[in-house]
Amino acid sequence: MLACGLNVYVLTYEYCYSAGYFRIIINFIAFAECYTNRTLFAILYFFSFFCDGLDGWFARRFNQASTFGAVLDMVTDRVSTACLLALLSQFYRPGLVFILLLGLDITSHWFQMYSSFLSGKTSHKDVKHTGNGLLKLYYGYRPFMAFCCVASEVNGCSHLKQLE
């Protein structure tokens, strides 16, 4: 216990979520600036994306991974991607392709999460016993997953920069 009566474990545990919470704040600021300063938007959006890797690393490093943290991370990912795709659909006409990508993103993640839940897995990233080679490659080989994620975000933000 600390002198003020706070448990050190609680402070450490909350610290692991700070990257996730900070990411949400950065996204609010980034999307508030997206129409007026696209360079600042891109910088903040990518910094938020960088924090996405930190929150999971902190949780695993301090052995404090939780269902709440996993859900917070996934919801933040989906909302960030949804906002980016909605923004792109406003700048490019017709924007239907971005709306379709949004639907695909949400639907595919929901199916993957739900099927993992039904099969008793603790994580949607547990694909050891699946017959789907692409899912095994994506979730089983982190450099490939990182490449796909970074390429997707760079592609989305590069479209905004082209409009300046």
# chains A, B, ... in the order shown; residues from 1 in each chain; ligands from 1
>>> residues_around(residues="Leu54 (chain A)", least_positions_apart="2", cutoff="12 Å", atoms="only C-alpha atoms", output="list of chain:residue names")
A:Tyr15, A:Cys16, A:Tyr17, A:Ser18, A:Ala19, A:Gly20, A:Tyr21, A:Phe22, A:Arg23, A:Phe47, A:Ser48, A:Phe49, A:Phe50, A:Cys51, A:Asp52, A:Gly56, A:Trp57, A:Phe58, A:Ala59, A:Arg60, A:Arg61, A:Phe62, A:Asp73
>>> write_last_selection(atoms="C-alpha atoms", output="short mmCIF file (atom, residue, chain, number, x, y, z; two decimals), in the first residue's frame")
data_model
loop_
_atom_site.label_atom_id
_atom_site.label_comp_id
_atom_site.auth_asym_id
_atom_site.auth_seq_id
_atom_site.Cartn_x
_atom_site.Cartn_y
_atom_site.Cartn_z
CA TYR A 15 -1.02 2.01 -16.36
CA CYS A 16 -1.30 -0.88 -18.82
CA TYR A 17 -4.57 0.55 -20.13
CA SER A 18 -3.15 4.06 -20.47
CA ALA A 19 -1.86 3.46 -24.01
CA GLY A 20 -5.36 2.35 -25.04
CA TYR A 21 -7.05 5.34 -23.41
CA PHE A 22 -4.42 7.71 -24.80
CA ARG A 23 -5.09 6.26 -28.23
CA PHE A 47 0.71 7.86 -33.54
CA SER A 48 -2.58 6.34 -32.41
CA PHE A 49 -1.81 3.33 -34.60
CA PHE A 50 1.63 3.05 -32.95
CA CYS A 51 -0.06 3.12 -29.52
CA ASP A 52 -2.18 0.19 -30.69
CA GLY A 56 -0.97 -5.05 -26.12
CA TRP A 57 2.77 -5.13 -25.46
CA PHE A 58 2.29 -3.52 -22.03
CA ALA A 59 -0.46 -5.98 -21.14
CA ARG A 60 1.63 -8.99 -22.16
CA ARG A 61 4.82 -7.58 -20.61
CA PHE A 62 3.20 -7.03 -17.21
CA ASP A 73 -8.41 -2.61 -28.27
#
>>> residues_around(residues="region 99-103 of chain A", least_positions_apart="6", cutoff="12 Å", atoms="only C-alpha atoms", output="list in words")
Asp77, Arg78, Val79, Ser80, Thr81, Ala82, Cys83, Leu84, Leu85, Ala86, Leu87, Leu88, Ser89, Gln90, Tyr92, Arg93, His109, Trp110, Phe111, Ser152 and Gly156 of chain A
>>> write_last_selection(atoms="N, CA and C atoms", output="short mmCIF file (atom, residue, chain, number, x, y, z; two decimals), in the first residue's frame")
data_model
loop_
_atom_site.label_atom_id
_atom_site.label_comp_id
_atom_site.auth_asym_id
_atom_site.auth_seq_id
_atom_site.Cartn_x
_atom_site.Cartn_y
_atom_site.Cartn_z
N ASP A 77 -9.88 -0.17 -32.51
CA ASP A 77 -9.44 -0.44 -33.88
C ASP A 77 -10.57 -0.28 -34.87
N ARG A 78 -11.72 -0.89 -34.56
CA ARG A 78 -12.85 -0.85 -35.49
C ARG A 78 -13.38 0.58 -35.65
N VAL A 79 -13.48 1.32 -34.56
CA VAL A 79 -13.98 2.69 -34.64
C VAL A 79 -13.00 3.57 -35.43
N SER A 80 -11.70 3.40 -35.18
CA SER A 80 -10.70 4.18 -35.93
C SER A 80 -10.79 3.90 -37.42
N THR A 81 -10.86 2.63 -37.77
CA THR A 81 -10.96 2.25 -39.19
C THR A 81 -12.28 2.74 -39.77
N ALA A 82 -13.36 2.60 -39.02
CA ALA A 82 -14.66 3.06 -39.51
C ALA A 82 -14.65 4.55 -39.78
N CYS A 83 -14.08 5.33 -38.88
CA CYS A 83 -14.01 6.78 -39.08
C CYS A 83 -13.15 7.14 -40.29
N LEU A 84 -12.03 6.45 -40.45
CA LEU A 84 -11.17 6.72 -41.60
C LEU A 84 -11.88 6.38 -42.90
N LEU A 85 -12.54 5.24 -42.95
CA LEU A 85 -13.26 4.85 -44.17
C LEU A 85 -14.44 5.77 -44.46
N ALA A 86 -15.15 6.19 -43.41
CA ALA A 86 -16.25 7.15 -43.59
C ALA A 86 -15.72 8.48 -44.11
N LEU A 87 -14.58 8.90 -43.59
CA LEU A 87 -13.96 10.14 -44.05
C LEU A 87 -13.56 10.03 -45.53
N LEU A 88 -12.95 8.92 -45.90
CA LEU A 88 -12.57 8.72 -47.29
C LEU A 88 -13.80 8.68 -48.20
N SER A 89 -14.90 8.12 -47.70
CA SER A 89 -16.11 8.07 -48.52
C SER A 89 -16.68 9.46 -48.77
N GLN A 90 -16.35 10.43 -47.91
CA GLN A 90 -16.79 11.81 -48.11
C GLN A 90 -15.94 12.53 -49.14
N TYR A 92 -14.10 11.00 -51.67
CA TYR A 92 -14.12 10.34 -52.97
C TYR A 92 -15.54 9.98 -53.33
N ARG A 93 -15.98 10.43 -54.49
CA ARG A 93 -17.33 10.12 -54.97
C ARG A 93 -17.22 9.26 -56.21
N HIS A 109 -14.47 -9.21 -38.66
CA HIS A 109 -14.02 -9.27 -37.26
C HIS A 109 -15.09 -9.86 -36.35
N TRP A 110 -16.33 -9.51 -36.60
CA TRP A 110 -17.41 -10.07 -35.78
C TRP A 110 -17.48 -11.58 -35.95
N PHE A 111 -17.44 -12.06 -37.21
CA PHE A 111 -17.48 -13.51 -37.45
C PHE A 111 -16.30 -14.22 -36.80
N SER A 152 -2.39 -1.13 -44.80
CA SER A 152 -3.78 -0.68 -44.86
C SER A 152 -3.92 0.76 -44.37
N GLY A 156 -4.85 4.15 -46.61
CA GLY A 156 -5.98 5.03 -46.30
C GLY A 156 -5.56 6.47 -46.12
#
>>> select_by_dssp(residues="chain A", states="alpha helix (DSSP H)", output="PyMOL selection string")
chain A and resi 8-33+38-61+67-91+96-118+133-140+142-162
>>> decode(residues="region 125-160 of chain A", atoms="N, CA and C atoms", output="tab-separated table (two decimals), in the first residue's frame")
chain	number	residue	atom	x	y	z
A	125	LYS	N	-7.38	-14.59	-32.02
A	125	LYS	CA	-6.10	-14.77	-32.71
A	125	LYS	C	-5.58	-16.19	-32.59
A	126	ASP	N	-6.27	-17.04	-31.85
A	126	ASP	CA	-5.88	-18.44	-31.71
A	126	ASP	C	-6.40	-19.21	-32.92
A	127	VAL	N	-5.53	-19.42	-33.89
A	127	VAL	CA	-5.94	-20.08	-35.15
A	127	VAL	C	-5.13	-21.35	-35.41
A	128	LYS	N	-4.60	-21.94	-34.35
A	128	LYS	CA	-3.76	-23.14	-34.51
A	128	LYS	C	-4.50	-24.29	-35.16
A	129	HIS	N	-5.77	-24.45	-34.83
A	129	HIS	CA	-6.53	-25.61	-35.31
A	129	HIS	C	-7.51	-25.26	-36.42
A	130	THR	N	-7.23	-24.21	-37.15
A	130	THR	CA	-8.11	-23.84	-38.26
A	130	THR	C	-7.52	-24.34	-39.57
A	131	GLY	N	-8.37	-24.57	-40.52
A	131	GLY	CA	-7.92	-25.01	-41.83
A	131	GLY	C	-7.65	-23.85	-42.77
A	132	ASN	N	-7.93	-22.64	-42.33
A	132	ASN	CA	-7.76	-21.47	-43.17
A	132	ASN	C	-6.31	-20.99	-43.13
A	133	GLY	N	-5.60	-21.20	-44.22
A	133	GLY	CA	-4.19	-20.84	-44.30
A	133	GLY	C	-3.93	-19.36	-44.19
A	134	LEU	N	-4.83	-18.56	-44.74
A	134	LEU	CA	-4.64	-17.11	-44.68
A	134	LEU	C	-4.75	-16.60	-43.24
A	135	LEU	N	-5.72	-17.14	-42.49
A	135	LEU	CA	-5.84	-16.75	-41.08
A	135	LEU	C	-4.62	-17.20	-40.29
A	136	LYS	N	-4.11	-18.40	-40.59
A	136	LYS	CA	-2.90	-18.88	-39.91
A	136	LYS	C	-1.72	-17.97	-40.19
A	137	LEU	N	-1.58	-17.56	-41.44
A	137	LEU	CA	-0.48	-16.67	-41.80
A	137	LEU	C	-0.65	-15.32	-41.11
A	138	TYR	N	-1.85	-14.76	-41.16
A	138	TYR	CA	-2.11	-13.42	-40.61
A	138	TYR	C	-1.91	-13.38	-39.10
A	139	TYR	N	-2.55	-14.28	-38.38
A	139	TYR	CA	-2.47	-14.26	-36.92
A	139	TYR	C	-1.27	-15.02	-36.36
A	140	GLY	N	-0.73	-15.94	-37.13
A	140	GLY	CA	0.38	-16.75	-36.64
A	140	GLY	C	1.75	-16.18	-36.90
A	141	TYR	N	1.87	-15.27	-37.84
A	141	TYR	CA	3.17	-14.69	-38.20
A	141	TYR	C	3.07	-13.17	-38.04
A	142	ARG	N	3.48	-12.69	-36.87
A	142	ARG	CA	3.28	-11.27	-36.52
A	142	ARG	C	3.87	-10.28	-37.53
A	143	PRO	N	5.04	-10.54	-38.13
A	143	PRO	CA	5.53	-9.58	-39.13
A	143	PRO	C	4.57	-9.41	-40.31
A	144	PHE	N	3.94	-10.51	-40.74
A	144	PHE	CA	2.96	-10.41	-41.83
A	144	PHE	C	1.74	-9.61	-41.39
A	145	MET	N	1.27	-9.87	-40.18
A	145	MET	CA	0.13	-9.13	-39.64
A	145	MET	C	0.47	-7.64	-39.54
A	146	ALA	N	1.66	-7.33	-39.03
A	146	ALA	CA	2.09	-5.94	-38.91
A	146	ALA	C	2.17	-5.27	-40.29
A	147	PHE	N	2.73	-5.99	-41.27
A	147	PHE	CA	2.81	-5.45	-42.62
A	147	PHE	C	1.42	-5.13	-43.17
A	148	CYS	N	0.49	-6.07	-43.02
A	148	CYS	CA	-0.88	-5.86	-43.53
A	148	CYS	C	-1.54	-4.66	-42.85
A	149	CYS	N	-1.38	-4.56	-41.55
A	149	CYS	CA	-2.00	-3.44	-40.81
A	149	CYS	C	-1.40	-2.10	-41.22
A	150	VAL	N	-0.07	-2.04	-41.26
A	150	VAL	CA	0.59	-0.79	-41.63
A	150	VAL	C	0.25	-0.42	-43.08
A	151	ALA	N	0.28	-1.37	-43.98
A	151	ALA	CA	-0.04	-1.10	-45.38
A	151	ALA	C	-1.46	-0.57	-45.53
A	152	SER	N	-2.39	-1.13	-44.80
A	152	SER	CA	-3.78	-0.68	-44.86
A	152	SER	C	-3.92	0.76	-44.37
A	153	GLU	N	-3.28	1.07	-43.25
A	153	GLU	CA	-3.38	2.42	-42.69
A	153	GLU	C	-2.67	3.44	-43.58
A	154	VAL	N	-1.51	3.08	-44.09
A	154	VAL	CA	-0.77	3.99	-44.98
A	154	VAL	C	-1.58	4.24	-46.24
A	155	ASN	N	-2.18	3.20	-46.79
A	155	ASN	CA	-3.01	3.35	-47.98
A	155	ASN	C	-4.17	4.31	-47.73
A	156	GLY	N	-4.85	4.15	-46.61
A	156	GLY	CA	-5.98	5.03	-46.30
A	156	GLY	C	-5.56	6.47	-46.12
A	157	CYS	N	-4.49	6.69	-45.35
A	157	CYS	CA	-4.05	8.07	-45.11
A	157	CYS	C	-3.41	8.70	-46.34
A	158	SER	N	-2.81	7.89	-47.20
A	158	SER	CA	-2.18	8.46	-48.41
A	158	SER	C	-3.25	9.05	-49.33
A	159	HIS	N	-4.45	8.49	-49.32
A	159	HIS	CA	-5.53	9.06	-50.12
A	159	HIS	C	-5.90	10.45	-49.63
A	160	LEU	N	-5.88	10.66	-48.33
A	160	LEU	CA	-6.19	11.99	-47.78
A	160	LEU	C	-5.12	12.99	-48.15
